[in-house]
>>> print(open('input12.txt').read())   # compact mmCIF, C-alpha atoms
# COMPACT_ATOMS: atom_id res chain seq x y z
CA MET A 588 117.34 68.44 -48.71
CA THR A 589 117.38 68.57 -44.95
CA ARG A 590 119.16 65.90 -42.97
CA PRO A 591 117.10 63.87 -40.55
CA ALA A 592 117.56 64.79 -36.95
CA PRO A 593 120.03 62.49 -35.20
CA THR A 594 118.51 59.84 -32.99
CA PRO A 595 119.11 60.79 -29.38
CA ALA A 596 121.29 58.39 -27.46
CA PRO A 597 119.40 56.30 -24.92
CA ALA A 598 119.58 57.78 -21.47
CA ARG A 599 121.86 55.90 -19.12
CA ARG A 600 120.30 54.50 -16.04
CA PRO A 601 121.67 56.03 -12.88
CA PRO A 602 123.68 53.56 -10.83
CA ALA A 603 121.70 51.75 -8.18
CA ARG A 604 122.16 53.28 -4.80
CA LEU A 605 121.96 49.97 -2.94
CA GLY A 606 121.47 51.70 0.38
CA TRP A 607 120.49 48.38 1.90
CA LEU A 608 123.78 46.68 1.04
CA VAL A 609 125.95 47.70 4.00
CA PRO A 610 123.21 47.09 6.62
CA ALA A 611 122.49 43.69 5.06
CA VAL A 612 126.16 42.71 5.13
CA THR A 613 126.43 43.91 8.74
CA VAL A 614 123.40 41.92 9.88
CA GLY A 615 124.55 38.86 7.96
CA GLY A 616 128.03 39.17 9.43
CA LEU A 617 126.75 39.43 13.00
CA LEU A 618 124.28 36.57 12.67
CA PRO A 619 126.90 33.87 13.42
CA VAL A 620 127.58 35.57 16.78
CA ALA A 621 123.91 35.23 17.71
CA VAL A 622 123.94 31.58 16.65
CA LEU A 623 127.14 30.96 18.61
CA VAL A 624 125.71 32.56 21.77
CA TYR A 625 122.48 30.58 21.39
CA ASP A 626 124.41 27.33 20.93
CA ALA A 627 126.55 28.11 23.98
CA LEU A 628 123.52 28.82 26.17
CA SER A 629 121.63 25.76 24.94
CA GLY A 630 124.61 23.42 25.28
CA ALA A 631 124.76 22.73 21.55
CA LEU A 632 128.50 23.34 21.20
CA GLY A 633 129.33 19.74 22.02
CA ALA A 634 131.73 18.15 24.46
CA ASN A 635 134.41 20.83 23.96
CA PRO A 636 132.56 24.14 23.54
CA ILE A 637 135.68 26.30 23.88
CA GLN A 638 137.44 24.47 21.08
CA ARG A 639 134.42 24.68 18.82
CA ALA A 640 133.85 28.39 19.51
CA THR A 641 137.53 29.08 18.89
CA LEU A 642 137.46 27.22 15.58
CA GLN A 643 134.25 28.91 14.41
CA THR A 644 135.40 32.43 15.21
CA GLY A 645 138.78 31.77 13.61
CA LEU A 646 137.21 30.51 10.39
CA LEU A 647 134.78 33.43 10.30
CA THR A 648 137.71 35.81 10.71
CA LEU A 649 139.54 34.30 7.77
CA VAL A 650 136.45 34.15 5.53
CA LEU A 651 135.48 37.77 6.19
CA LEU A 652 139.01 39.08 5.68
CA VAL A 653 139.39 37.16 2.41
CA LEU A 654 136.03 38.53 1.23
CA SER A 655 137.21 42.02 2.16
CA LEU A 656 140.39 41.57 0.12
CA ALA A 657 138.35 40.21 -2.79
CA CYS A 658 136.41 43.47 -3.15
CA THR A 659 139.15 45.41 -4.95
CA PRO A 660 140.08 42.64 -7.45
CA LEU A 661 136.38 42.13 -8.15
CA ARG A 662 135.94 45.83 -8.87
CA LEU A 663 139.02 45.87 -11.10
CA LEU A 664 137.82 42.84 -13.08
CA THR A 665 134.17 43.82 -13.48
CA GLY A 666 134.01 47.59 -13.10
CA TRP A 667 131.31 47.20 -10.45
CA THR A 668 131.35 49.82 -7.70
CA TRP A 669 129.35 48.03 -5.02
CA PRO A 670 132.26 45.85 -3.77
CA ALA A 671 134.04 49.02 -2.62
CA ARG A 672 131.02 49.92 -0.48
CA ILE A 673 131.16 46.76 1.60
CA ARG A 674 134.94 46.32 1.81
CA LYS A 675 135.32 48.28 5.04
CA THR A 676 132.31 46.58 6.62
CA LEU A 677 133.70 43.14 5.83
CA GLY A 678 137.12 44.13 7.15
CA LEU A 679 135.73 45.47 10.43
CA LEU A 680 133.59 42.36 10.87
CA GLY A 681 136.69 40.26 10.31
CA PHE A 682 138.57 42.27 12.92
CA GLY A 683 135.67 41.86 15.34
CA TYR A 684 135.73 38.09 14.97
CA ALA A 685 139.52 38.09 15.32
CA ALA A 686 139.18 39.98 18.62
CA LEU A 687 136.47 37.55 19.77
CA HIS A 688 138.68 34.62 18.74
CA PHE A 689 141.49 36.06 20.88
CA LEU A 690 139.17 36.70 23.84
CA ILE A 691 138.00 33.08 23.77
CA TYR A 692 141.64 32.01 23.76
CA LEU A 693 142.32 34.24 26.78
CA PHE A 694 139.24 32.89 28.55
CA ASP A 695 140.47 29.35 27.96
CA HIS A 696 143.77 30.38 29.59
CA SER A 697 142.07 32.14 32.53
CA PHE A 698 143.24 35.53 31.18
CA ASP A 699 146.76 34.67 32.32
CA LEU A 700 148.93 37.14 30.39
CA THR A 701 152.13 35.42 31.47
CA LEU A 702 150.93 32.13 30.01
CA MET A 703 149.80 33.93 26.87
CA THR A 704 153.22 35.55 26.44
CA GLU A 705 154.94 32.17 26.81
CA ASP A 706 152.54 30.74 24.23
CA VAL A 707 153.26 33.54 21.77
CA LEU A 708 157.02 33.18 22.15
CA LYS A 709 157.21 29.39 22.09
CA ARG A 710 154.47 28.22 19.70
CA PRO A 711 154.75 29.43 16.07
CA PHE A 712 151.05 28.65 15.58
CA ILE A 713 150.13 31.20 18.26
CA THR A 714 152.83 33.64 17.12
CA ALA A 715 151.37 33.83 13.63
CA GLY A 716 147.83 34.37 14.87
CA PHE A 717 148.80 36.97 17.45
CA THR A 718 150.92 38.89 14.93
CA ALA A 719 148.01 38.89 12.48
CA LEU A 720 145.74 40.35 15.17
CA LEU A 721 148.27 43.08 16.01
CA LEU A 722 148.50 44.04 12.33
CA LEU A 723 144.72 44.32 12.10
CA VAL A 724 144.50 46.80 15.00
CA PRO A 725 145.92 49.87 13.14
CA LEU A 726 143.85 48.97 10.09
CA ALA A 727 140.65 48.99 12.14
CA LEU A 728 141.63 52.22 13.91
CA THR A 729 142.30 54.00 10.59
CA SER A 730 139.17 52.80 8.78
CA THR A 731 137.39 56.17 9.03
CA PRO A 732 137.36 59.01 6.45
CA ARG A 733 139.00 61.24 9.05
CA ALA A 734 141.94 58.84 9.28
CA VAL A 735 142.34 58.88 5.48
CA LYS A 736 142.40 62.67 5.52
CA ARG A 737 144.86 62.81 8.43
CA LEU A 738 147.31 60.27 6.97
CA GLY A 739 146.90 61.24 3.34
CA PHE A 740 145.58 58.80 0.76
CA VAL A 741 148.99 57.46 -0.31
CA ARG A 742 150.19 56.72 3.24
CA TRP A 743 146.79 55.32 4.17
CA THR A 744 146.85 53.00 1.15
CA ARG A 745 150.33 51.75 2.00
CA LEU A 746 149.29 51.10 5.60
CA HIS A 747 146.25 49.10 4.54
CA GLN A 748 148.34 46.89 2.32
CA LEU A 749 149.22 45.21 5.63
CA ALA A 750 145.84 43.49 5.28
CA TYR A 751 147.48 41.02 2.87
CA VAL A 752 150.20 40.28 5.42
CA ALA A 753 147.67 39.87 8.22
CA VAL A 754 145.39 37.52 6.29
CA SER A 755 148.39 35.50 5.06
CA LEU A 756 149.51 35.06 8.66
CA GLY A 757 145.94 34.07 9.49
CA ALA A 758 146.06 31.34 6.85
CA LEU A 759 149.43 30.20 8.22
CA HIS A 760 147.94 30.18 11.74
CA TYR A 761 145.15 27.98 10.41
CA TYR A 762 147.61 25.68 8.60
CA TRP A 763 149.78 25.15 11.66
CA GLY A 764 146.71 24.65 13.85
CA VAL A 765 145.36 21.79 11.74
CA LYS A 766 146.79 18.42 12.65
CA LYS A 767 145.46 16.21 9.84
CA ASP A 768 143.83 17.60 6.70
CA HIS A 769 145.70 20.70 5.49
CA THR A 770 143.55 21.09 2.36
CA PRO A 771 141.25 23.89 3.69
CA PRO A 772 144.07 26.23 4.80
CA LEU A 773 145.92 25.59 1.54
CA ILE A 774 142.79 26.57 -0.39
CA TYR A 775 142.61 29.83 1.57
CA ALA A 776 146.30 30.44 0.85
CA ALA A 777 145.74 29.86 -2.88
CA VAL A 778 142.77 32.25 -2.94
CA ILE A 779 144.80 34.94 -1.14
CA ALA A 780 147.67 34.52 -3.61
CA ALA A 781 145.25 34.74 -6.56
CA LEU A 782 143.67 37.93 -5.20
CA PHE A 783 147.07 39.52 -4.72
CA LEU A 784 148.13 38.52 -8.25
CA ILE A 785 144.96 39.95 -9.83
CA ARG A 786 145.41 43.21 -7.95
CA PHE A 787 149.08 43.45 -8.96
CA LEU A 788 148.46 42.69 -12.64
CA LYS A 789 145.50 45.06 -12.92
CA ARG A 790 147.26 47.92 -11.16
CA ARG A 791 150.57 47.51 -13.02
CA PRO A 792 149.44 49.05 -16.38
CA ALA A 793 148.03 52.10 -14.57
CA ARG A 794 151.29 52.61 -12.67
CA SER A 795 153.30 52.27 -15.91
CA ALA A 796 151.06 54.84 -17.61
CA ARG A 797 151.50 57.31 -14.74
CA ALA A 798 155.25 56.81 -14.81
CA GLY A 799 155.34 57.42 -18.57
CA SER A 800 153.26 60.55 -18.18
CA ARG A 801 155.62 61.95 -15.53
CA ALA A 802 158.64 61.12 -17.71
CA ALA A 803 157.09 62.91 -20.70
CA LYS A 804 156.46 66.04 -18.64
CA SER A 805 160.01 66.19 -17.26
>>> encode(input="input12.txt", output="structure tokens")
Amino acid sequence: MTRPAPTPAPARRPPARLGWLVPAVTVGGLLPVAVLVYDALSGALGANPIQRATLQTGLLTLVLLVLSLACTPLRLLTGWTWPARIRKTLGLLGFGYAALHFLIYLFDHSFDLTLMTEDVLKRPFITAGFTALLLLVPLALTSTPRAVKRLGFVRWTRLHQLAYVAVSLGALHYYWGVKKDHTPPLIYAAVIAALFLIRFLKRRPARSARAGSRAAKS
């Protein structure tokens, strides 16, 4: 008696290419700049437009950098691959808003570098923000595939772990800059800590397995 032919396994759907994802994130990330420029030209920024523009660009910086950091924990928790595709875009957008935030600050101080230096040295609030911006510069400059190849993946990964330091300093900058309600910056700090914890806990078993494998081979 012949056995029935096995039922073929259902064909897996190829993963969605989502070629629109990065352009959509880019356009969405740049849209607040257009709104900010329009509000500035139409006089809709209120009685203190510099203060409002500074606050908006600072918050956008923090939001985009936190979203960028959330991509890896989200991928580790869900197995989705699309967060990795937009991580660099979100990070570069965050750096762009950080640079714009700093330029508005310089404009407000008449681009006086001496005054800026005094501010950085004397006011911890400014020190934290300026240090965060400096840490973001090498991350933005090494965001290309060529930079990964030149540095090597391990060194590149270690360098880009500075993103957690930079965004933590950004949250501290926000906390020290708020005079009354510290709830929003504390929420950002809690989210950053949770993202770091998820990443650490998810990566720890893999590191232990690699260490055990190396020990078994030796």
>>> closest_residue(input="input12.txt", among="A:Leu679, A:Leu773, A:Ala753, A:Ala621", to="Thr729 in chain A", atoms="only C-alpha atoms")
A:Leu679
>>> atom_distance(input="input12.txt", atom1="CA of Ile774 in chain A", atom2="CA of Leu749 in chain A")
20.6 Å
>>> atom_distance(input="input12.txt", atom1="CA of Leu693 in chain A", atom2="CA of Leu642 in chain A")
14.1 Å
>>> closest_residue(input="input12.txt", among="A:His688, A:Val707, A:Thr701, A:Ala734", to="Leu646 in chain A", atoms="only C-alpha atoms")
A:His688
>>> atom_distance(input="input12.txt", atom1="CA of Leu723 in chain A", atom2="CA of Phe682 in chain A")
6.5 Å
>>> residues_around(input="input12.txt", residues="Leu721 in chain A", least_positions_apart="2", cutoff="12 Å", atoms="all atoms listed in the file", output="PyMOL selection string")
chain A and resi 682+685-686+689+714-719+723-728+749-750+752-754+756-757
>>> closest_residue(input="input12.txt", among="A:Leu661, A:Leu651, A:Leu687, A:Ile673", to="Val620 in chain A", atoms="all atoms listed in the file")
A:Leu687
